[in-house]
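First comes the structure, then the notes that go with it.
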Amino acid sequence: MVVGCGRVGSAVTLRLQAAGWDVAVIDERAETFQRLGEGFTGITVEGHALDTPTLVEAGIDRADAVVVATNGDNTNIVCAQIAQKRYGIGCVVVRILDPARAALYAELGMRTVCPTTAAIDILSDSVMSHTAVI
Amino acid sequence: MYILIAGGGKVGRTLTHELLKMRHEVTLIEQSATRYRLLEEELEHVAQHGDATELMVLERCGIQRAELVVAVTGDDEDNIVVCQVAREHYGVERVIARVNDPRNHDLFDLLGISPSVCATTSIMRLIEHELPDHELVPLLELRREGLEVVEVQLGDDVAQRQVSEIPLPEGARLIAVLRAGASDIAGPETIVRPGDQVLAIARSGLEDALRRALLT
C-alpha cells in the first residue's frame with residue numbers, strides 16, 4: 001500500500017508493480033492518480049491518510065508493506081504509526097522531509113527516509129570530492 | 001509552572017490569558033505569521049512564531065524546562081506529533097491535546113496521547129444529556145484511569161428499590177439519584193424510583209452491565 005500519489009508515491013507504486021507486487025494507492029486528490037498512467041492495474045482510493053474507511057478500502061488489513069509519502073510530515077508520522085500499531089504491519093517505510101523529526105522517529109523505531117538529509121549529503125559530498133580532485 | 005502551548009487560535013489564546021492570570025509562565029507558539037503578529041501585540045514575548053512540530057522551535061521556546069505541553073492547533077496530526085515529541089524526546093511528563101475531528105479520537109488513544117479533549121464529542125454528550133431517549137449518557141471520561149461517570153435514565157417500568165438491592169457489577173457504584181431537579185447522594189439505603197436519573201461511576205467497559213443492573 002502506498003499513501004500519497006505525488007511524484008515519489010506514484011513512482012514507487014509503478015516500480016513495485018513492475019517488480020510484481022499488487023499495489024493500492026491512496027491520495028486525497030483523485031487527479032494525482034493520472035501520474036500512474038494507463039499501465040497501472042492496482043487499486044486507487046481517494047481519501048485522507050488517517051481516515052479508517054479509506055485505509056480499509058485500500059486493504060491495509062492485509063498489506064505486507066506500507067510506504068507513506070504524502071506531502072505532510074506529521075500526517076506521514078501518524079499514518080505510519082497507525083499501520084504499525086493498529087494493523088501490526090512489519091514493513092512500514094515513511095518519508096519525513098524534516099531531518100530532525102526523521103532522526104527522532106527513527107530513534108523511536110520507525111523506518112524513516114529523509115530525502116533532505118540525502119540531498120545534503122550528496123550535494124556536499126559532490127562539491128568536496130570535486131574540489132579534492134582539483 | 002512553565003507551560004508551552006502550541007496553536008494560537010481561539011483556544012490557545014484564551015488558555016494563555018487564563019494561565020497568565022493564574023501567574024503561570026507561558027509561551028504560546030503560533031505558525032501563521034499574520035496571526036502571530038496580532039498575538040504578539042497583546043502578549044508580547046509570550047507569543048512566539050514558528051511550527052511547534054519543529055524541534056528547533058520547541059527548543060527556542062524552552063521545551064526542556066516545560067512541565068506541561070498543551071497542543072491545541074487546528075490540525076490533529078500536528079497535535080499528536082507535538083505531544084509525542086514533547087514526551088518521548090524532551091521527557092515532558094504532562095501533555096494535553098485537542099482533538100479537532102472526533103473520528104481521530106481513537107488515534108490519540110492508540111498512540112497514548114492522554115488526556116485528549118474533543119469539543120464536538122463533549123457537545124454531543126451534552127446534547128444526549130438533554131435528550132430523553134438516551135438511557136445511558138457518558139458525562140465524564142477519565143481515559144487514563146479507565147473510569148467513566150455516566151447518567152442513567154430509569155424507565156417507568158423499573159421497580160422501586162434500595163441502592164443496596166441493585167445487583168451492580170463489580171467496578172460500578174452509584175453516586176447520586178436525581179429527581180425533580182433535586183439530588184440525593186446515593187448510599188446503600190437511598191431509594192431509587194421509576195423515572196429517576198441516576199449518576200454512577202464505573203470502570204470502562206461496564207456500561208452495558210450497569211445498564212442491565214439498573215433497568216431490569
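Convention: chains lettered A, B, ... in C-alpha cells order; per-chain residue numbering from 1; ligands numbered from 1 as shown.
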- Among region 50-134 of chain A, which residues carry a DSSP assignment of strand (DSSP E or B), reported as JSON, numbers by chain? {"A": [65, 66, 67, 68, 91, 92, 93, 94, 95, 111, 112, 113]}
Selected residues written out with C-alpha atoms, as a PDB file, in the first residue's frame:
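Final file, out32.pdb:
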ATOM      1  CA  ALA A  65       4.166  -3.389   3.390  1.00  0.00           C
ATOM      2  CA  VAL A  66       3.188   0.265   3.580  1.00  0.00           C
ATOM      3  CA  VAL A  67       5.022   3.212   2.049  1.00  0.00           C
ATOM      4  CA  VAL A  68       3.934   6.584   3.453  1.00  0.00           C
ATOM      5  CA  CYS A  91       7.357  -3.212   6.948  1.00  0.00           C
ATOM      6  CA  VAL A  92       6.318   0.424   7.166  1.00  0.00           C
ATOM      7  CA  VAL A  93       8.577   2.936   5.442  1.00  0.00           C
ATOM      8  CA  VAL A  94       7.869   6.622   5.877  1.00  0.00           C
ATOM      9  CA  ARG A  95       9.202   9.729   4.184  1.00  0.00           C
ATOM     10  CA  ARG A 111      11.828   3.243   9.343  1.00  0.00           C
ATOM     11  CA  THR A 112      12.188   6.810   8.171  1.00  0.00           C
ATOM     12  CA  VAL A 113      13.639   8.041   4.912  1.00  0.00           C
TER      13      VAL A 113
END
- Task: Residues of chain B near chain A: apply a cut-off of 12 Å, count only C-alpha atoms, and supply the list as a ChimeraX atom specification.
- Result: /B:51-58,75-90,101-113
Output file for the selection above: N, CA and C atoms, as an mmCIF file, in the first residue's frame:
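Dumped everything to selection-v5.cif:
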data_model
loop_
_atom_site.group_PDB
_atom_site.id
_atom_site.type_symbol
_atom_site.label_atom_id
_atom_site.label_comp_id
_atom_site.auth_asym_id
_atom_site.auth_seq_id
_atom_site.Cartn_x
_atom_site.Cartn_y
_atom_site.Cartn_z
ATOM 1 N N ASP B 51 6.714 26.731 13.783
ATOM 2 C CA ASP B 51 5.998 25.464 13.685
ATOM 3 C C ASP B 51 6.340 24.637 14.927
ATOM 4 N N ALA B 52 5.337 24.408 15.755
ATOM 5 C CA ALA B 52 5.582 23.742 17.039
ATOM 6 C C ALA B 52 5.927 22.266 16.884
ATOM 7 N N THR B 53 5.914 21.747 15.655
ATOM 8 C CA THR B 53 6.367 20.364 15.497
ATOM 9 C C THR B 53 7.843 20.336 15.087
ATOM 10 N N GLU B 54 8.453 21.518 14.987
ATOM 11 C CA GLU B 54 9.892 21.562 14.693
ATOM 12 C C GLU B 54 10.690 21.628 15.974
ATOM 13 N N LEU B 55 11.654 20.737 16.086
ATOM 14 C CA LEU B 55 12.425 20.633 17.318
ATOM 15 C C LEU B 55 13.127 21.941 17.663
ATOM 16 N N MET B 56 13.632 22.627 16.618
ATOM 17 C CA MET B 56 14.348 23.886 16.864
ATOM 18 C C MET B 56 13.433 24.933 17.492
ATOM 19 N N VAL B 57 12.204 24.979 16.997
ATOM 20 C CA VAL B 57 11.238 25.943 17.530
ATOM 21 C C VAL B 57 10.920 25.607 18.989
ATOM 22 N N LEU B 58 10.695 24.331 19.247
ATOM 23 C CA LEU B 58 10.377 23.915 20.619
ATOM 24 C C LEU B 58 11.529 24.238 21.567
ATOM 25 N N ASP B 75 -4.999 21.159 13.793
ATOM 26 C CA ASP B 75 -4.597 20.008 12.988
ATOM 27 C C ASP B 75 -4.263 18.843 13.918
ATOM 28 N N ASP B 76 -5.011 17.754 13.802
ATOM 29 C CA ASP B 76 -4.839 16.634 14.722
ATOM 30 C C ASP B 76 -3.462 15.975 14.618
ATOM 31 N N GLU B 77 -2.948 15.850 13.392
ATOM 32 C CA GLU B 77 -1.621 15.242 13.238
ATOM 33 C C GLU B 77 -0.579 16.086 13.957
ATOM 34 N N ASP B 78 -0.681 17.410 13.798
ATOM 35 C CA ASP B 78 0.280 18.289 14.459
ATOM 36 C C ASP B 78 0.176 18.148 15.978
ATOM 37 N N ASN B 79 -1.038 18.084 16.488
ATOM 38 C CA ASN B 79 -1.212 17.954 17.939
ATOM 39 C C ASN B 79 -0.601 16.653 18.447
ATOM 40 N N ILE B 80 -0.794 15.572 17.689
ATOM 41 C CA ILE B 80 -0.217 14.278 18.076
ATOM 42 C C ILE B 80 1.304 14.365 18.091
ATOM 43 N N VAL B 81 1.881 14.939 17.029
ATOM 44 C CA VAL B 81 3.348 14.993 16.943
ATOM 45 C C VAL B 81 3.930 15.899 18.030
ATOM 46 N N VAL B 82 3.291 17.039 18.279
ATOM 47 C CA VAL B 82 3.773 17.927 19.349
ATOM 48 C C VAL B 82 3.847 17.148 20.668
ATOM 49 N N CYS B 83 2.785 16.422 20.990
ATOM 50 C CA CYS B 83 2.751 15.684 22.258
ATOM 51 C C CYS B 83 3.777 14.551 22.282
ATOM 52 N N GLN B 84 3.901 13.832 21.171
ATOM 53 C CA GLN B 84 4.865 12.726 21.137
ATOM 54 C C GLN B 84 6.288 13.237 21.296
ATOM 55 N N VAL B 85 6.613 14.302 20.554
ATOM 56 C CA VAL B 85 7.961 14.858 20.625
ATOM 57 C C VAL B 85 8.241 15.358 22.041
ATOM 58 N N ALA B 86 7.253 16.055 22.623
ATOM 59 C CA ALA B 86 7.435 16.607 23.970
ATOM 60 C C ALA B 86 7.718 15.483 24.966
ATOM 61 N N ARG B 87 6.942 14.417 24.866
ATOM 62 C CA ARG B 87 7.062 13.365 25.856
ATOM 63 C C ARG B 87 8.265 12.456 25.604
ATOM 64 N N GLU B 88 8.362 11.975 24.338
ATOM 65 C CA GLU B 88 9.382 10.968 24.031
ATOM 66 C C GLU B 88 10.778 11.584 23.955
ATOM 67 N N HIS B 89 10.877 12.786 23.414
ATOM 68 C CA HIS B 89 12.208 13.347 23.173
ATOM 69 C C HIS B 89 12.657 14.268 24.296
ATOM 70 N N TYR B 90 11.724 15.029 24.846
ATOM 71 C CA TYR B 90 12.128 16.009 25.856
ATOM 72 C C TYR B 90 11.693 15.613 27.267
ATOM 73 N N ASP B 101 -11.137 16.553 14.956
ATOM 74 C CA ASP B 101 -12.094 15.679 14.279
ATOM 75 C C ASP B 101 -12.371 14.488 15.198
ATOM 76 N N PRO B 102 -13.616 14.348 15.672
ATOM 77 C CA PRO B 102 -13.902 13.271 16.635
ATOM 78 C C PRO B 102 -13.524 11.889 16.102
ATOM 79 N N ARG B 103 -13.493 11.737 14.776
ATOM 80 C CA ARG B 103 -13.105 10.433 14.228
ATOM 81 C C ARG B 103 -11.657 10.095 14.556
ATOM 82 N N ASN B 104 -10.867 11.113 14.884
ATOM 83 C CA ASN B 104 -9.457 10.873 15.214
ATOM 84 C C ASN B 104 -9.231 10.562 16.685
ATOM 85 N N HIS B 105 -10.297 10.611 17.492
ATOM 86 C CA HIS B 105 -10.104 10.448 18.937
ATOM 87 C C HIS B 105 -9.407 9.129 19.276
ATOM 88 N N ASP B 106 -9.788 8.052 18.584
ATOM 89 C CA ASP B 106 -9.166 6.768 18.914
ATOM 90 C C ASP B 106 -7.701 6.706 18.484
ATOM 91 N N LEU B 107 -7.295 7.587 17.561
ATOM 92 C CA LEU B 107 -5.869 7.647 17.211
ATOM 93 C C LEU B 107 -5.051 8.169 18.388
ATOM 94 N N PHE B 108 -5.595 9.190 19.053
ATOM 95 C CA PHE B 108 -4.905 9.736 20.223
ATOM 96 C C PHE B 108 -4.779 8.644 21.280
ATOM 97 N N ASP B 109 -5.829 7.841 21.436
ATOM 98 C CA ASP B 109 -5.774 6.742 22.404
ATOM 99 C C ASP B 109 -4.754 5.698 21.974
ATOM 100 N N LEU B 110 -4.803 5.345 20.680
ATOM 101 C CA LEU B 110 -3.893 4.329 20.139
ATOM 102 C C LEU B 110 -2.441 4.720 20.399
ATOM 103 N N LEU B 111 -2.152 6.016 20.245
ATOM 104 C CA LEU B 111 -0.776 6.480 20.377
ATOM 105 C C LEU B 111 -0.473 6.962 21.799
ATOM 106 N N GLY B 112 -1.401 6.704 22.707
ATOM 107 C CA GLY B 112 -1.146 7.001 24.115
ATOM 108 C C GLY B 112 -1.113 8.478 24.454
ATOM 109 N N ILE B 113 -1.747 9.324 23.646
ATOM 110 C CA ILE B 113 -1.785 10.753 23.939
ATOM 111 C C ILE B 113 -2.996 11.014 24.828
#
- Task: Quick one: everything within 8 Å of region 30-36 of chain A, counting only C-alpha atoms, minus sequence neighbours fewer than 3 positions away in the same chain. Send it as a VMD selection string.
- Result: chain A and resid 5 to 7 10 to 11 13 to 14 27 39 to 40 44 to 46
Same residues, N, CA and C atoms, output as an mmCIF file, in the first residue's frame:
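To be explicit, this is the file written out as selection-v7.cif:
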data_model
loop_
_atom_site.group_PDB
_atom_site.id
_atom_site.type_symbol
_atom_site.label_atom_id
_atom_site.label_comp_id
_atom_site.auth_asym_id
_atom_site.auth_seq_id
_atom_site.Cartn_x
_atom_site.Cartn_y
_atom_site.Cartn_z
ATOM 1 N N CYS A 5 0.145 10.002 -3.605
ATOM 2 C CA CYS A 5 0.451 9.687 -5.009
ATOM 3 C C CYS A 5 1.088 10.900 -5.689
ATOM 4 N N GLY A 6 2.036 11.509 -5.025
ATOM 5 C CA GLY A 6 2.795 12.602 -5.645
ATOM 6 C C GLY A 6 3.876 12.032 -6.530
ATOM 7 N N ARG A 7 4.900 12.843 -6.785
ATOM 8 C CA ARG A 7 5.987 12.366 -7.652
ATOM 9 C C ARG A 7 6.621 11.120 -7.067
ATOM 10 N N SER A 10 3.836 7.983 -6.606
ATOM 11 C CA SER A 10 3.423 7.365 -7.873
ATOM 12 C C SER A 10 4.568 6.554 -8.467
ATOM 13 N N ALA A 11 5.782 7.086 -8.381
ATOM 14 C CA ALA A 11 6.930 6.370 -8.958
ATOM 15 C C ALA A 11 7.225 5.087 -8.177
ATOM 16 N N THR A 13 5.012 3.366 -6.556
ATOM 17 C CA THR A 13 3.918 2.462 -6.916
ATOM 18 C C THR A 13 4.233 1.717 -8.211
ATOM 19 N N LEU A 14 4.627 2.468 -9.238
ATOM 20 C CA LEU A 14 4.885 1.848 -10.535
ATOM 21 C C LEU A 14 6.089 0.905 -10.468
ATOM 22 N N ASP A 27 -4.690 8.731 -2.184
ATOM 23 C CA ASP A 27 -4.375 10.165 -2.194
ATOM 24 C C ASP A 27 -5.666 10.936 -1.983
ATOM 25 N N GLY A 39 -0.886 2.073 -17.567
ATOM 26 C CA GLY A 39 -0.407 0.724 -17.248
ATOM 27 C C GLY A 39 -0.676 0.265 -15.826
ATOM 28 N N PHE A 40 -1.191 1.156 -14.975
ATOM 29 C CA PHE A 40 -1.388 0.767 -13.582
ATOM 30 C C PHE A 40 -2.633 -0.086 -13.413
ATOM 31 N N THR A 44 -6.891 2.379 -6.759
ATOM 32 C CA THR A 44 -6.651 3.743 -6.299
ATOM 33 C C THR A 44 -7.818 4.127 -5.391
ATOM 34 N N VAL A 45 -7.514 4.742 -4.252
ATOM 35 C CA VAL A 45 -8.561 5.160 -3.322
ATOM 36 C C VAL A 45 -8.382 6.634 -3.003
ATOM 37 N N GLU A 46 -9.443 7.408 -3.238
ATOM 38 C CA GLU A 46 -9.393 8.832 -2.911
ATOM 39 C C GLU A 46 -9.804 9.007 -1.463
#
- Query: Running DSSP on the backbone, which parts of chain A land in helix (DSSP H, G or I), as a PyMOL selection string?
  - Reply: chain A and resi 7-18+30-36+52-57+60-62+73-86+99-107+115-133
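Reported to one decimal place, the separation of CA of Arg212 (chain B) from CA of Ile175 (chain B) is 17.1 Å.
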- Message: Could you list, as a list in words, every residue within 6 Å of region 162-173 of chain B, counting only C-alpha atoms and ignoring same-chain residues fewer than 6 positions away?
- Response: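 Here the answer would be Pro188, Glu189, Thr190, Ile191, Val192, Ala200, Ile201, Ala202, Arg203 and Ala213 of chain B.
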- Task: Can you work out the spacing between CA of Ile96 (chain B) and CA of Leu4 (chain B) in Å, to one decimal?
- Result: 10.5 Å
- Contacts of His48 (chain A) at 10 Å (only C-alpha atoms; same-chain gap of 5+ positions) as an NGL selection string: :A and (3-4 or 26-29 or 53-55 or 70 or 75 or 79)
Export of prior selection with N, CA and C atoms as a short mmCIF file (atom, residue, chain, number, x, y, z; two decimals), in the first residue's frame:
data_model
loop_
_atom_site.label_atom_id
_atom_site.label_comp_id
_atom_site.auth_asym_id
_atom_site.auth_seq_id
_atom_site.Cartn_x
_atom_site.Cartn_y
_atom_site.Cartn_z
N VAL A 3 0.78 5.39 0.40
CA VAL A 3 -0.04 6.52 0.82
C VAL A 3 0.59 7.80 0.27
N GLY A 4 -0.14 8.49 -0.58
CA GLY A 4 0.40 9.69 -1.22
C GLY A 4 0.83 9.37 -2.64
N ILE A 26 -3.29 5.51 -2.17
CA ILE A 26 -4.24 6.45 -1.57
C ILE A 26 -3.77 7.87 -1.83
N ASP A 27 -4.69 8.73 -2.18
CA ASP A 27 -4.37 10.16 -2.19
C ASP A 27 -5.67 10.94 -1.98
N GLU A 28 -5.52 12.13 -1.39
CA GLU A 28 -6.67 13.00 -1.14
C GLU A 28 -7.25 13.54 -2.44
N ARG A 29 -6.38 13.70 -3.43
CA ARG A 29 -6.83 14.30 -4.69
C ARG A 29 -6.77 13.27 -5.81
N PRO A 53 -11.92 4.27 6.95
CA PRO A 53 -12.56 3.64 5.79
C PRO A 53 -11.69 3.68 4.53
N THR A 54 -10.94 4.78 4.35
CA THR A 54 -10.03 4.88 3.20
C THR A 54 -8.94 3.81 3.28
N LEU A 55 -8.33 3.71 4.46
CA LEU A 55 -7.24 2.74 4.63
C LEU A 55 -7.75 1.31 4.44
N THR A 70 3.07 11.14 1.78
CA THR A 70 2.26 12.32 1.44
C THR A 70 3.15 13.55 1.62
N THR A 75 1.42 14.13 9.02
CA THR A 75 0.45 13.15 8.53
C THR A 75 1.15 11.82 8.31
N CYS A 79 0.23 8.40 10.19
CA CYS A 79 -0.24 7.31 9.33
C CYS A 79 0.64 6.06 9.51
#
- Message: I'd like the interatomic distance between CA of Leu174 (chain B) and CA of Val198 (chain B), to a tenth of an Å.
- Response: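 These atoms are spaced 7.1 Å apart.
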